[in-house]
>>> print(open('coords_20.cif').read())   # mmCIF, C-alpha atoms and all ligand atoms
data_protein
loop_
_atom_site.label_atom_id
_atom_site.label_comp_id
_atom_site.auth_asym_id
_atom_site.auth_seq_id
_atom_site.Cartn_x
_atom_site.Cartn_y
_atom_site.Cartn_z
CA MET A 1 15.34 3.76 -18.30
CA GLY A 2 18.98 4.77 -18.24
CA ILE A 3 21.33 1.83 -18.05
CA ILE A 4 18.84 -0.71 -19.40
CA ASP A 5 18.51 -0.14 -23.15
CA SER A 6 16.59 -3.30 -23.83
CA PRO A 7 13.92 -4.48 -21.36
CA GLN A 8 13.69 -7.62 -23.45
CA ASP A 9 17.35 -8.46 -22.86
CA PHE A 10 16.80 -7.86 -19.13
CA GLN A 11 13.68 -10.07 -19.11
CA ASN A 12 15.36 -12.87 -21.06
CA LEU A 13 18.39 -13.03 -18.75
CA LEU A 14 16.25 -12.92 -15.62
CA LEU A 15 13.75 -15.51 -16.86
CA LYS A 16 16.51 -17.84 -18.00
CA TRP A 17 18.07 -17.67 -14.53
CA TYR A 18 14.62 -18.28 -12.97
CA ARG A 19 13.99 -21.40 -15.04
CA GLY A 20 17.10 -23.06 -13.60
CA ASN A 21 17.28 -21.52 -10.13
CA GLY A 22 13.87 -20.17 -9.05
CA ARG A 23 11.79 -21.38 -6.10
CA HIS A 24 9.25 -23.30 -8.19
CA TRP A 25 7.99 -25.17 -5.13
CA ILE A 26 6.20 -22.34 -3.24
CA PRO A 27 2.89 -24.07 -2.44
CA TRP A 28 0.45 -21.18 -3.04
CA LYS A 29 1.90 -20.60 -6.53
CA LEU A 30 0.96 -24.11 -7.64
CA LYS A 31 -2.28 -25.61 -8.91
CA LYS A 32 -4.41 -27.81 -6.63
CA ASP A 33 -2.77 -30.95 -8.08
CA GLY A 34 0.72 -29.56 -7.24
CA SER A 35 1.67 -28.78 -10.86
CA ILE A 36 3.04 -25.46 -12.12
CA PRO A 37 0.44 -23.31 -13.94
CA GLN A 38 0.92 -22.88 -17.69
CA LEU A 39 1.69 -19.53 -19.30
CA GLY A 40 -1.47 -17.39 -19.14
CA GLU A 41 -3.37 -19.94 -17.05
CA SER A 42 -5.29 -18.54 -14.05
CA ILE A 43 -5.26 -20.17 -10.63
CA SER A 44 -7.31 -19.38 -7.53
CA PRO A 45 -6.18 -16.16 -5.82
CA TYR A 46 -7.48 -17.36 -2.43
CA GLY A 47 -4.31 -19.08 -1.12
CA ILE A 48 -2.07 -16.48 -2.79
CA TRP A 49 -3.90 -13.64 -1.06
CA ILE A 50 -3.62 -15.30 2.38
CA ALA A 51 0.10 -16.03 1.85
CA GLU A 52 0.83 -12.49 0.62
CA VAL A 53 -0.70 -10.97 3.76
CA MET A 54 1.18 -13.43 5.99
CA LEU A 55 4.41 -12.53 4.15
CA GLN A 56 4.00 -8.78 4.75
CA GLN A 57 6.02 -8.87 7.99
CA THR A 58 7.20 -12.47 8.11
CA GLN A 59 9.75 -14.67 6.32
CA LEU A 60 8.74 -17.37 3.84
CA LYS A 61 10.05 -20.30 5.90
CA VAL A 62 8.02 -19.15 8.92
CA VAL A 63 4.89 -18.55 6.84
CA ILE A 64 4.74 -21.97 5.10
CA PRO A 65 3.55 -24.10 8.10
CA TYR A 66 1.04 -21.38 9.12
CA TRP A 67 -0.30 -21.22 5.57
CA GLU A 68 -0.61 -25.01 5.31
CA LYS A 69 -2.54 -25.15 8.58
CA TRP A 70 -4.72 -22.24 7.46
CA MET A 71 -5.64 -23.95 4.18
CA LYS A 72 -6.68 -27.09 6.06
CA ILE A 73 -8.90 -25.18 8.50
CA PHE A 74 -10.26 -22.55 6.06
CA PRO A 75 -9.98 -24.25 2.64
CA THR A 76 -12.33 -21.75 0.97
CA LEU A 77 -13.14 -18.05 1.02
CA THR A 78 -16.66 -18.84 2.24
CA SER A 79 -15.40 -20.92 5.17
CA LEU A 80 -13.20 -17.98 6.16
CA ALA A 81 -15.93 -15.35 5.82
CA GLU A 82 -18.29 -17.41 7.96
CA THR A 83 -15.95 -18.06 10.88
CA ASP A 84 -15.41 -15.94 14.02
CA LEU A 85 -12.37 -13.69 14.40
CA GLU A 86 -11.31 -15.73 17.43
CA ASN A 87 -10.84 -18.85 15.26
CA ILE A 88 -8.58 -16.84 12.94
CA LEU A 89 -6.53 -15.51 15.85
CA MET A 90 -6.09 -19.10 17.10
CA ILE A 91 -4.25 -19.95 13.85
CA TRP A 92 -2.42 -16.62 13.78
CA GLN A 93 -0.91 -17.21 17.27
CA GLY A 94 2.87 -16.81 17.10
CA LEU A 95 2.86 -15.15 13.66
CA GLY A 96 2.72 -11.64 15.18
CA TYR A 97 1.16 -8.44 13.81
CA TYR A 98 -2.29 -9.77 14.69
CA SER A 99 -4.14 -6.92 12.98
CA ARG A 100 -3.33 -8.72 9.72
CA GLY A 101 -5.61 -11.60 10.76
CA LYS A 102 -8.38 -9.15 11.57
CA ARG A 103 -8.01 -7.41 8.19
CA ILE A 104 -8.09 -10.74 6.34
CA HIS A 105 -11.36 -11.50 8.10
CA GLN A 106 -12.84 -8.11 7.12
CA SER A 107 -11.63 -8.55 3.54
CA SER A 108 -13.09 -12.06 3.28
CA LYS A 109 -16.59 -10.68 3.87
CA ILE A 110 -16.13 -8.07 1.12
CA LEU A 111 -14.62 -10.61 -1.29
CA VAL A 112 -17.32 -13.22 -0.77
CA GLU A 113 -19.93 -10.61 -1.70
CA PHE A 114 -17.96 -9.68 -4.81
CA VAL A 115 -17.08 -13.18 -6.00
CA GLY A 116 -20.21 -15.04 -4.94
CA LYS A 117 -20.27 -18.07 -2.63
CA ASP A 118 -20.85 -20.61 -5.39
CA LYS A 119 -18.30 -19.10 -7.80
CA GLU A 120 -15.11 -18.80 -5.79
CA GLN A 121 -13.49 -21.83 -7.44
CA TYR A 122 -13.56 -20.00 -10.80
CA PRO A 123 -10.65 -17.52 -10.84
CA HIS A 124 -12.29 -15.20 -13.39
CA PHE A 125 -14.99 -14.18 -10.89
CA TRP A 126 -12.33 -12.76 -8.54
CA PRO A 127 -11.15 -9.11 -8.81
CA HIS A 128 -8.55 -8.60 -11.55
CA GLN A 129 -7.81 -4.87 -11.05
CA ILE A 130 -5.16 -3.32 -8.78
CA ASP A 131 -7.66 -0.78 -7.38
CA GLN A 132 -10.13 -3.49 -6.43
CA TRP A 133 -7.53 -5.36 -4.35
CA MET A 134 -6.12 -2.13 -2.89
CA SER A 135 -9.57 -1.16 -1.63
CA LEU A 136 -9.44 -4.15 0.76
CA PRO A 137 -8.10 -3.56 4.31
CA GLY A 138 -4.34 -4.14 4.58
CA ILE A 139 -3.62 -4.56 0.85
CA GLY A 140 -1.02 -2.20 -0.64
CA ARG A 141 0.02 -1.77 -4.26
CA SER A 142 2.81 -4.36 -4.20
CA THR A 143 0.67 -7.01 -2.49
CA ALA A 144 -2.12 -6.34 -4.99
CA GLY A 145 0.33 -6.56 -7.91
CA SER A 146 1.75 -9.82 -6.64
CA ILE A 147 -1.69 -11.42 -6.15
CA ILE A 148 -2.85 -10.45 -9.65
CA SER A 149 0.33 -11.49 -11.46
CA SER A 150 0.60 -14.77 -9.52
CA ALA A 151 -3.07 -15.74 -9.92
CA PHE A 152 -3.91 -14.48 -13.42
CA ASP A 153 -0.46 -14.05 -15.07
CA LEU A 154 -1.23 -10.38 -15.72
CA PRO A 155 1.49 -7.68 -15.95
CA THR A 156 1.02 -5.87 -12.65
CA PRO A 157 4.34 -4.56 -11.26
CA ILE A 158 5.53 -5.19 -7.71
CA LEU A 159 7.92 -3.42 -5.36
CA ASP A 160 8.34 -5.48 -2.21
CA GLY A 161 11.48 -5.32 -0.03
CA ASN A 162 13.47 -7.72 -2.24
CA VAL A 163 12.59 -5.96 -5.48
CA LYS A 164 13.23 -2.51 -4.00
CA ARG A 165 16.70 -3.65 -2.98
CA ILE A 166 17.53 -5.05 -6.46
CA PHE A 167 16.32 -1.90 -8.26
CA SER A 168 18.11 0.41 -5.78
CA ARG A 169 21.33 -1.42 -6.61
CA LEU A 170 20.73 -1.53 -10.36
CA LEU A 171 20.16 2.24 -10.35
CA ALA A 172 22.58 3.00 -7.48
CA ILE A 173 19.94 4.80 -5.42
CA LYS A 174 21.15 5.15 -1.85
CA ARG A 175 18.09 6.27 -0.01
CA THR A 176 14.56 5.55 -1.12
CA SER A 177 12.77 8.89 -0.71
CA ARG A 178 9.22 9.36 -2.00
CA LYS A 179 10.63 10.60 -5.33
CA ASP A 180 12.95 7.60 -5.62
CA GLU A 181 10.11 5.28 -4.73
CA LYS A 182 8.14 6.70 -7.68
CA LYS A 183 11.16 6.08 -9.90
CA LEU A 184 11.41 2.47 -8.68
CA TRP A 185 7.72 1.88 -9.41
CA GLU A 186 8.20 3.27 -12.92
CA PHE A 187 11.21 0.97 -13.33
CA SER A 188 9.15 -2.03 -12.24
CA SER A 189 6.33 -1.08 -14.66
CA LEU A 190 8.69 -0.56 -17.59
CA LEU A 191 10.64 -3.76 -17.09
CA ILE A 192 7.85 -6.25 -16.44
CA SER A 193 7.45 -8.88 -19.12
CA THR A 194 4.04 -8.79 -20.76
CA LEU A 195 4.55 -12.31 -22.11
CA SER A 196 5.43 -13.92 -18.81
CA PRO A 197 4.54 -11.51 -15.98
CA ARG A 198 3.92 -14.20 -13.35
CA ASP A 199 7.39 -15.71 -13.79
CA PHE A 200 9.01 -12.29 -14.17
CA ASN A 201 7.74 -11.02 -10.80
CA GLN A 202 8.53 -14.31 -9.11
CA ALA A 203 12.02 -14.27 -10.65
CA LEU A 204 12.67 -10.83 -9.15
CA MET A 205 11.51 -11.96 -5.72
CA ASP A 206 13.62 -15.12 -5.95
CA LEU A 207 16.70 -13.23 -7.14
CA GLY A 208 16.36 -10.93 -4.12
CA ALA A 209 16.05 -13.91 -1.78
CA ILE A 210 18.83 -16.05 -3.31
CA ILE A 211 21.38 -13.80 -5.08
CA CYS A 212 20.84 -10.09 -4.41
CA THR A 213 20.59 -10.59 -0.64
CA PRO A 214 20.63 -7.71 1.89
CA THR A 215 24.30 -8.29 2.75
CA LYS A 216 27.04 -9.82 0.62
CA PRO A 217 25.06 -10.27 -2.62
CA SER A 218 26.42 -13.03 -4.89
CA CYS A 219 27.10 -10.70 -7.81
CA SER A 220 29.27 -13.23 -9.66
CA PHE A 221 26.17 -15.47 -10.11
CA CYS A 222 23.77 -12.63 -10.92
CA PRO A 223 22.10 -12.60 -14.35
CA LEU A 224 21.62 -8.81 -14.08
CA GLN A 225 25.26 -7.99 -13.38
CA LYS A 226 25.84 -6.15 -16.68
CA PHE A 227 22.98 -3.72 -15.89
CA CYS A 228 24.03 -3.02 -12.31
CA VAL A 229 25.51 0.38 -11.48
CA ALA A 230 26.15 -0.49 -7.82
CA TYR A 231 28.18 -3.50 -8.92
CA ALA A 232 30.14 -1.54 -11.53
CA LYS A 233 30.97 1.54 -9.47
CA TYR A 234 30.40 0.99 -5.78
CA ASP A 235 29.97 -1.60 -3.06
CA PRO A 236 26.48 -3.10 -3.61
CA ASP A 237 26.22 -3.70 0.16
CA ASP A 238 25.82 0.09 0.55
CA PHE A 239 22.56 0.13 -1.47
CA PRO A 240 19.99 1.00 -0.30
CA LYS A 241 21.38 2.78 2.78
CA LYS A 242 20.40 0.86 5.87
CA GLU A 243 18.44 2.69 8.52
CA MET A 244 20.34 3.00 11.80
CA THR A 245 18.89 0.40 14.15
CA LYS A 246 17.28 2.26 16.98
CA ILE A 247 17.86 0.92 20.46
CA LYS A 248 14.50 -0.26 21.74
CA PRO A 249 13.42 1.05 25.15
CA LEU A 250 12.95 -1.62 27.81
CA GLN A 251 9.69 -1.61 29.78
CA GLU A 252 9.01 -3.87 32.78
CA ILE A 253 5.62 -5.53 32.98
CA GLY A 254 4.08 -7.25 36.00
CA ILE A 255 1.63 -10.10 35.33
CA GLY A 256 -0.79 -11.58 37.86
CA LEU A 257 -1.82 -15.24 37.54
CA VAL A 258 -4.94 -15.01 39.69
CA PHE A 259 -6.49 -18.25 40.91
CA ASN A 260 -9.90 -18.63 42.52
CA LYS A 261 -10.90 -21.28 45.06
CA ASN A 262 -11.86 -23.72 42.26
CA GLY A 263 -8.32 -23.57 40.84
CA GLU A 264 -9.49 -21.51 37.83
CA LEU A 265 -7.36 -18.75 36.37
CA LEU A 266 -8.44 -15.23 35.36
CA ILE A 267 -7.83 -14.14 31.74
CA ASP A 268 -8.98 -11.05 29.85
CA GLN A 269 -9.60 -10.22 26.21
CA ARG A 270 -7.80 -7.21 24.73
CA LEU A 271 -9.86 -4.20 23.64
CA GLU A 272 -10.95 -3.85 20.00
CA SER A 273 -9.04 -0.53 19.81
CA SER A 274 -5.74 -2.00 21.07
CA SER A 275 -2.93 -3.78 19.26
CA MET A 276 -3.51 -7.54 19.27
CA ALA A 277 -7.25 -6.80 19.52
CA GLY A 278 -9.33 -9.83 20.42
CA MET A 279 -6.39 -11.87 21.78
CA TRP A 280 -6.55 -13.15 25.35
CA GLU A 281 -3.92 -12.47 28.02
CA PHE A 282 -3.19 -12.54 31.71
CA PRO A 283 -3.92 -9.28 33.53
CA GLY A 284 -1.11 -6.91 34.50
CA GLY A 285 0.65 -3.78 33.31
CA LYS A 286 3.63 -1.44 33.28
CA LYS A 287 5.85 -1.00 36.31
CA ASN A 288 6.27 2.56 37.58
CA THR A 289 9.70 3.88 38.55
CA ASN A 290 10.61 3.03 42.15
CA GLU A 291 7.78 0.50 42.40
CA SER A 292 8.41 -3.16 43.21
CA ILE A 293 7.01 -5.61 40.65
CA GLU A 294 4.71 -7.06 43.35
CA LYS A 295 3.28 -3.55 43.93
CA THR A 296 2.82 -3.13 40.16
CA ILE A 297 0.75 -6.31 40.00
CA GLU A 298 -1.38 -5.30 43.00
CA ARG A 299 -1.98 -1.81 41.56
CA GLU A 300 -2.68 -2.93 37.98
CA LEU A 301 -5.17 -5.60 39.03
CA LYS A 302 -6.97 -3.08 41.25
CA GLU A 303 -7.08 -0.49 38.40
CA GLU A 304 -7.94 -2.86 35.54
CA LEU A 305 -10.15 -5.46 37.24
CA GLY A 306 -11.21 -3.81 40.52
CA ILE A 307 -9.89 -6.71 42.62
CA VAL A 308 -7.56 -7.07 45.57
CA VAL A 309 -4.99 -9.87 45.32
CA LYS A 310 -2.21 -11.27 47.46
CA VAL A 311 0.89 -11.54 45.28
CA GLY A 312 2.61 -14.87 45.88
CA GLU A 313 5.59 -16.68 44.42
CA LYS A 314 7.28 -15.63 41.20
CA LEU A 315 6.69 -18.04 38.30
CA LEU A 316 9.14 -16.59 35.74
CA SER A 317 10.75 -13.52 34.20
CA PHE A 318 11.69 -13.14 30.54
CA GLU A 319 12.34 -10.57 27.85
CA HIS A 320 10.20 -10.36 24.71
CA SER A 321 10.96 -8.06 21.81
CA TYR A 322 8.32 -6.23 19.73
CA THR A 323 8.89 -3.89 16.76
CA HIS A 324 9.48 -0.73 18.76
CA VAL A 325 9.92 -1.88 22.33
CA LYS A 326 11.37 -4.66 24.46
CA LEU A 327 9.25 -5.84 27.36
CA TYR A 328 10.57 -7.58 30.45
CA PHE A 329 7.74 -9.69 31.89
CA THR A 330 7.58 -10.97 35.46
CA ALA A 331 4.65 -13.24 36.31
CA HIS A 332 3.57 -14.07 39.86
CA ILE A 333 0.98 -16.51 41.14
CA CYS A 334 -1.71 -14.49 42.96
CA GLU A 335 -4.50 -15.29 45.38
CA TRP A 336 -7.83 -13.53 44.84
CA ILE A 337 -8.80 -11.80 48.11
CA SER A 338 -11.78 -9.54 47.34
CA GLY A 339 -13.78 -7.63 44.70
CA ASP A 340 -15.77 -8.97 41.75
CA PRO A 341 -13.52 -8.85 38.67
CA LYS A 342 -14.79 -6.34 36.09
CA PRO A 343 -13.42 -5.72 32.56
CA LEU A 344 -12.46 -2.09 33.23
CA ALA A 345 -9.67 -2.15 30.62
CA SER A 346 -10.61 -5.16 28.48
CA GLN A 347 -13.55 -6.54 26.47
CA LYS A 348 -14.26 -9.59 28.58
CA LEU A 349 -13.00 -11.56 31.58
CA LEU A 350 -13.16 -15.31 32.08
CA TRP A 351 -12.24 -17.79 34.79
CA VAL A 352 -10.81 -20.83 33.02
CA SER A 353 -9.37 -24.14 34.07
CA PRO A 354 -5.59 -24.03 33.33
CA ASP A 355 -5.81 -27.09 31.05
CA LYS A 356 -8.25 -25.16 28.80
CA LEU A 357 -5.94 -22.18 28.23
CA PHE A 358 -4.94 -23.35 24.76
CA ASP A 359 -8.55 -23.12 23.60
CA PHE A 360 -7.98 -19.34 23.49
CA PRO A 361 -5.70 -17.27 21.23
CA PHE A 362 -2.82 -15.81 23.29
CA PRO A 363 0.07 -13.63 22.04
CA ALA A 364 3.50 -15.31 21.97
CA ALA A 365 4.70 -13.78 25.27
CA ASN A 366 1.70 -15.26 27.11
CA THR A 367 2.28 -18.72 25.67
CA LYS A 368 5.70 -18.70 27.39
CA ILE A 369 3.92 -18.05 30.68
CA ILE A 370 1.45 -20.87 29.99
CA SER A 371 4.30 -23.33 29.25
CA GLU A 372 5.97 -22.48 32.56
CA LEU A 373 2.65 -22.62 34.40
CA TYR A 374 1.98 -26.11 33.01
CA LYS A 375 5.35 -27.27 34.33
CA HIS A 376 4.56 -25.68 37.69
CA LEU A 377 1.14 -27.35 37.85
CA SER A 378 2.47 -30.60 36.33
CA ILE A 379 -0.02 -30.44 33.46
CA GLY A 380 0.80 -32.47 30.34
CA ASN A 381 1.92 -30.22 27.49
CA LYS A 382 0.53 -32.03 24.47
CA LYS A 383 -0.54 -28.75 22.83
CA LEU A 384 2.70 -26.82 23.40
S1 LIG B 1 25.04 -7.46 -9.63
FE1 LIG B 1 25.00 -7.80 -7.44
S2 LIG B 1 24.12 -5.94 -6.56
FE2 LIG B 1 23.69 -5.93 -8.74
S3 LIG B 1 21.63 -6.79 -8.91
FE3 LIG B 1 23.10 -8.46 -9.16
S4 LIG B 1 23.42 -9.32 -7.12
FE4 LIG B 1 22.41 -7.34 -6.89
#
>>> encode(input="coords_20.cif", output="structure tokens", more="lines below")
Ligand code: SF4
Amino acid sequence: MGIIDSPQDFQNLLLKWYRGNGRHWIPWKLKKDGSIPQLGESISPYGIWIAEVMLQQTQLKVVIPYWEKWMKIFPTLTSLAETDLENILMIWQGLGYYSRGKRIHQSSKILVEFVGKDKEQYPHFWPHQIDQWMSLPGIGRSTAGSIISSAFDLPTPILDGNVKRIFSRLLAIKRTSRKDEKKLWEFSSLLISTLSPRDFNQALMDLGAIICTPTKPSCSFCPLQKFCVAYAKYDPDDFPKKEMTKIKPLQEIGIGLVFNKNGELLIDQRLESSSMAGMWEFPGGKKNTNESIEKTIERELKEELGIVVKVGEKLLSFEHSYTHVKLYFTAHICEWISGDPKPLASQKLLWVSPDKLFDFPFPAANTKIISELYKHLSIGNKKL
């Protein structure tokens, strides 16, 4: 283990810091009555599992209101397993990476079979092994380790972004190659406290969030300072080496807000095989070079729905950033001229009254269009 001769010394210093400074208020780590679980006491993994998946690509402060809403609407594993994917996507709106919601739904059906509908309130009926959790869609080793240690206080190591950063600095590892990653996992397994694994893992995560932050870590307040090679020899900010931020390509997208004679609007549901599968959106697509955005809308609606439209006034333009690309959306109000709309590039099409749009799950970019449309149509925005 190199620089750390005594894991016990490491554990004691970290746990002491955690007792006075940790985030003991995280709602899914508490018992139903709001109290902190005792050493060795099991709590239900249900809320922890949902939170861990939400946290995979999203920050804690963003996740908390989504998680609280989720627990009100789906308070039990059974209620989740028995609902439709569309209800899950409604709650997931705005959280991004929508495939996570789909995987939670798939996992809930597997878990309910394993645990049993009438036994889910008893933690010991839930899976306790890393492999069992990792066999569920979308659960990796660190998520599995965190669920098990948080729910059952068992010594399963973790290596999420925060922990990887702390260990890279402690060991002065610049780049985390596959070999280094193995070393970091071994480090996590060797250091974990067997007496207090739940608090140990949480302490690491909290230290990464509060003290050993991505930039300008507060080393003078760090309980692990004496073990830290990056602190002793280098600039901790340099560990691990940050990936160069790639400039995202910008793609222009034309959107058609097609109204029929009854004032209803055409929406389509994304294909099962696409990203954001199952979400609803307004029809449109990518602009070709040397094409006007009006022409793009006409062409896309012909190709994807088989309809002819007259492109009218522009409603709005805005930029929206995704992980690998930036999209520049321009939405126009359109009049439906001819052709029966067909879902040639989607699962389903629907004509809906504009005031019913929020009954459907839309990705974040589309909700901006809906907000502007409501202003344009002078519709009250109680749901926005
Ligand atoms: S001493 Fe600084 S760099 Fe090292 S673990 Fe602590 S906060 Fe991180």
>>> residues_around(input="coords_20.cif", residues="His128 (chain A)", least_positions_apart="2", cutoff="7 Å", atoms="all atoms listed in the file", output="list of chain:residue names")
A:Trp126, A:Ile130, A:Ile148
>>> closest_atom_pairs(input="coords_20.cif", of="chain A", to="ligand LIG 1 (chain B)", cutoff="12 Å", atoms="only C-alpha atoms and all ligand atoms", output="Markdown table")
| residue | atom | partner | partner_atom | distance |
| --- | --- | --- | --- | --- |
| A:Phe10 | CA | B:LIG1 | S3 | 11.4 |
| A:Leu13 | CA | B:LIG1 | FE3 | 11.6 |
| A:Leu14 | CA | B:LIG1 | FE3 | 10.4 |
| A:Trp17 | CA | B:LIG1 | FE3 | 11.8 |
| A:Asn162 | CA | B:LIG1 | FE4 | 10.1 |
| A:Val163 | CA | B:LIG1 | S3 | 9.7 |
| A:Lys164 | CA | B:LIG1 | S3 | 10.6 |
| A:Arg165 | CA | B:LIG1 | FE4 | 7.8 |
| A:Ile166 | CA | B:LIG1 | S3 | 5.1 |
| A:Phe167 | CA | B:LIG1 | S3 | 7.2 |
| A:Ser168 | CA | B:LIG1 | S3 | 8.6 |
| A:Arg169 | CA | B:LIG1 | S2 | 5.3 |
| A:Leu170 | CA | B:LIG1 | S3 | 5.5 |
| A:Leu171 | CA | B:LIG1 | FE2 | 9.0 |
| A:Ala172 | CA | B:LIG1 | FE2 | 9.1 |
| A:Ile173 | CA | B:LIG1 | S2 | 11.6 |
| A:Leu204 | CA | B:LIG1 | S3 | 9.8 |
| A:Met205 | CA | B:LIG1 | S3 | 11.8 |
| A:Asp206 | CA | B:LIG1 | S4 | 11.4 |
| A:Leu207 | CA | B:LIG1 | S4 | 7.8 |
| A:Gly208 | CA | B:LIG1 | FE4 | 7.6 |
| A:Ala209 | CA | B:LIG1 | S4 | 10.2 |
| A:Ile210 | CA | B:LIG1 | S4 | 9.0 |
| A:Ile211 | CA | B:LIG1 | S4 | 5.3 |
| A:Cys212 | CA | B:LIG1 | S4 | 3.8 |
| A:Thr213 | CA | B:LIG1 | S4 | 7.2 |
| A:Pro214 | CA | B:LIG1 | FE4 | 9.0 |
| A:Thr215 | CA | B:LIG1 | S2 | 9.6 |
| A:Lys216 | CA | B:LIG1 | FE1 | 8.6 |
| A:Pro217 | CA | B:LIG1 | S4 | 4.9 |
| A:Ser218 | CA | B:LIG1 | S4 | 5.3 |
| A:Cys219 | CA | B:LIG1 | FE1 | 3.6 |
| A:Ser220 | CA | B:LIG1 | S1 | 7.2 |
| A:Phe221 | CA | B:LIG1 | S4 | 7.4 |
| A:Cys222 | CA | B:LIG1 | FE3 | 4.6 |
| A:Pro223 | CA | B:LIG1 | FE3 | 6.7 |
| A:Leu224 | CA | B:LIG1 | FE3 | 5.1 |
| A:Gln225 | CA | B:LIG1 | S1 | 3.8 |
| A:Lys226 | CA | B:LIG1 | S1 | 7.2 |
| A:Phe227 | CA | B:LIG1 | FE2 | 7.5 |
| A:Cys228 | CA | B:LIG1 | FE2 | 4.6 |
| A:Val229 | CA | B:LIG1 | FE2 | 7.1 |
| A:Ala230 | CA | B:LIG1 | S2 | 6.0 |
| A:Tyr231 | CA | B:LIG1 | S1 | 5.1 |
| A:Ala232 | CA | B:LIG1 | S1 | 8.0 |
| A:Lys233 | CA | B:LIG1 | FE2 | 10.5 |
| A:Tyr234 | CA | B:LIG1 | S2 | 9.4 |
| A:Asp235 | CA | B:LIG1 | S2 | 8.1 |
| A:Pro236 | CA | B:LIG1 | S2 | 4.7 |
| A:Asp237 | CA | B:LIG1 | S2 | 7.4 |
| A:Asp238 | CA | B:LIG1 | S2 | 9.5 |
| A:Phe239 | CA | B:LIG1 | S2 | 8.1 |
| A:Pro240 | CA | B:LIG1 | S2 | 10.2 |
>>> residues_around(input="coords_20.cif", residues="Asn262 (chain A)", least_positions_apart="2", cutoff="10 Å", atoms="only C-alpha atoms", output="ChimeraX atom specification")
/A:259-260,264-265,351-353
>>> residues_around(input="coords_20.cif", residues="Gln269 (chain A)", least_positions_apart="2", cutoff="8 Å", atoms="all atoms listed in the file", output="ChimeraX atom specification")
/A:267,271,277-281,346-349
>>> residues_around(input="coords_20.cif", residues="region 101-118 of chain A", least_positions_apart="2", cutoff="8 Å", atoms="all atoms listed in the file", output="VMD selection string")
chain A and resid 50 53 77 to 78 80 to 81 85 88 to 89 92 98 to 99 120 to 121 125 to 127 136 to 138
>>> residues_around(input="coords_20.cif", residues="Glu335 (chain A)", least_positions_apart="2", cutoff="9 Å", atoms="only C-alpha atoms", output="JSON, numbers by chain")
{"A": [257, 258, 259, 260, 261, 308, 309, 310, 311, 312, 333, 337]}
>>> closest_residue(input="coords_20.cif", among="A:Leu373, A:Leu39, A:Leu55, A:Ile4", to="Asp199 (chain A)", atoms="only C-alpha atoms")
A:Leu39
>>> closest_residue(input="coords_20.cif", among="A:Glu86, A:Leu316, A:Tyr46, A:Ile26", to="Val63 (chain A)", atoms="all atoms listed in the file")
A:Ile26
>>> atom_distance(input="coords_20.cif", atom1="CA of Thr289 (chain A)", atom2="CA of Ser371 (chain A)")
29.3 Å
>>> atom_distance(input="coords_20.cif", atom1="CA of Thr156 (chain A)", atom2="CA of Ala203 (chain A)")
14.0 Å
>>> closest_residue(input="coords_20.cif", among="A:Pro123, A:His24, A:Met71, A:Ser150", to="Glu52 (chain A)", atoms="only C-alpha atoms")
A:Ser150
>>> closest_residue(input="coords_20.cif", among="A:Glu298, A:Ser6, A:Gln202, A:Ser321", to="Arg19 (chain A)", atoms="only C-alpha atoms")
A:Gln202
>>> closest_residue(input="coords_20.cif", among="A:Ile36, A:Met90, A:Leu159, A:Leu95", to="Pro361 (chain A)", atoms="all atoms listed in the file")
A:Met90
>>> decode(input="coords_20.cif", residues="region 311-320 of chain A", atoms="N, CA and C atoms", output="short mmCIF file (atom, residue, chain, number, x, y, z; two decimals), in the first residue's frame")
data_model
loop_
_atom_site.label_atom_id
_atom_site.label_comp_id
_atom_site.auth_asym_id
_atom_site.auth_seq_id
_atom_site.Cartn_x
_atom_site.Cartn_y
_atom_site.Cartn_z
N VAL A 311 -44.38 26.89 -43.99
CA VAL A 311 -43.62 27.37 -42.83
C VAL A 311 -43.93 28.84 -42.59
N GLY A 312 -44.42 29.15 -41.41
CA GLY A 312 -44.81 30.53 -41.10
C GLY A 312 -43.79 31.22 -40.21
N GLU A 313 -44.29 32.04 -39.28
CA GLU A 313 -43.41 32.89 -38.49
C GLU A 313 -42.50 32.08 -37.54
N LYS A 314 -41.33 32.70 -37.30
CA LYS A 314 -40.38 32.06 -36.37
C LYS A 314 -40.84 32.31 -34.94
N LEU A 315 -40.83 31.24 -34.12
CA LEU A 315 -41.21 31.41 -32.70
C LEU A 315 -39.99 31.76 -31.86
N LEU A 316 -38.90 30.97 -32.01
CA LEU A 316 -37.67 31.27 -31.26
C LEU A 316 -36.48 30.48 -31.80
N SER A 317 -35.30 30.93 -31.44
CA SER A 317 -34.04 30.22 -31.68
C SER A 317 -33.28 30.16 -30.38
N PHE A 318 -32.61 29.06 -30.13
CA PHE A 318 -31.78 28.97 -28.91
C PHE A 318 -30.78 27.84 -29.04
N GLU A 319 -29.72 27.95 -28.22
CA GLU A 319 -28.68 26.90 -28.24
C GLU A 319 -28.89 25.98 -27.06
N HIS A 320 -28.67 24.68 -27.25
CA HIS A 320 -28.79 23.74 -26.15
C HIS A 320 -27.61 22.76 -26.24
#
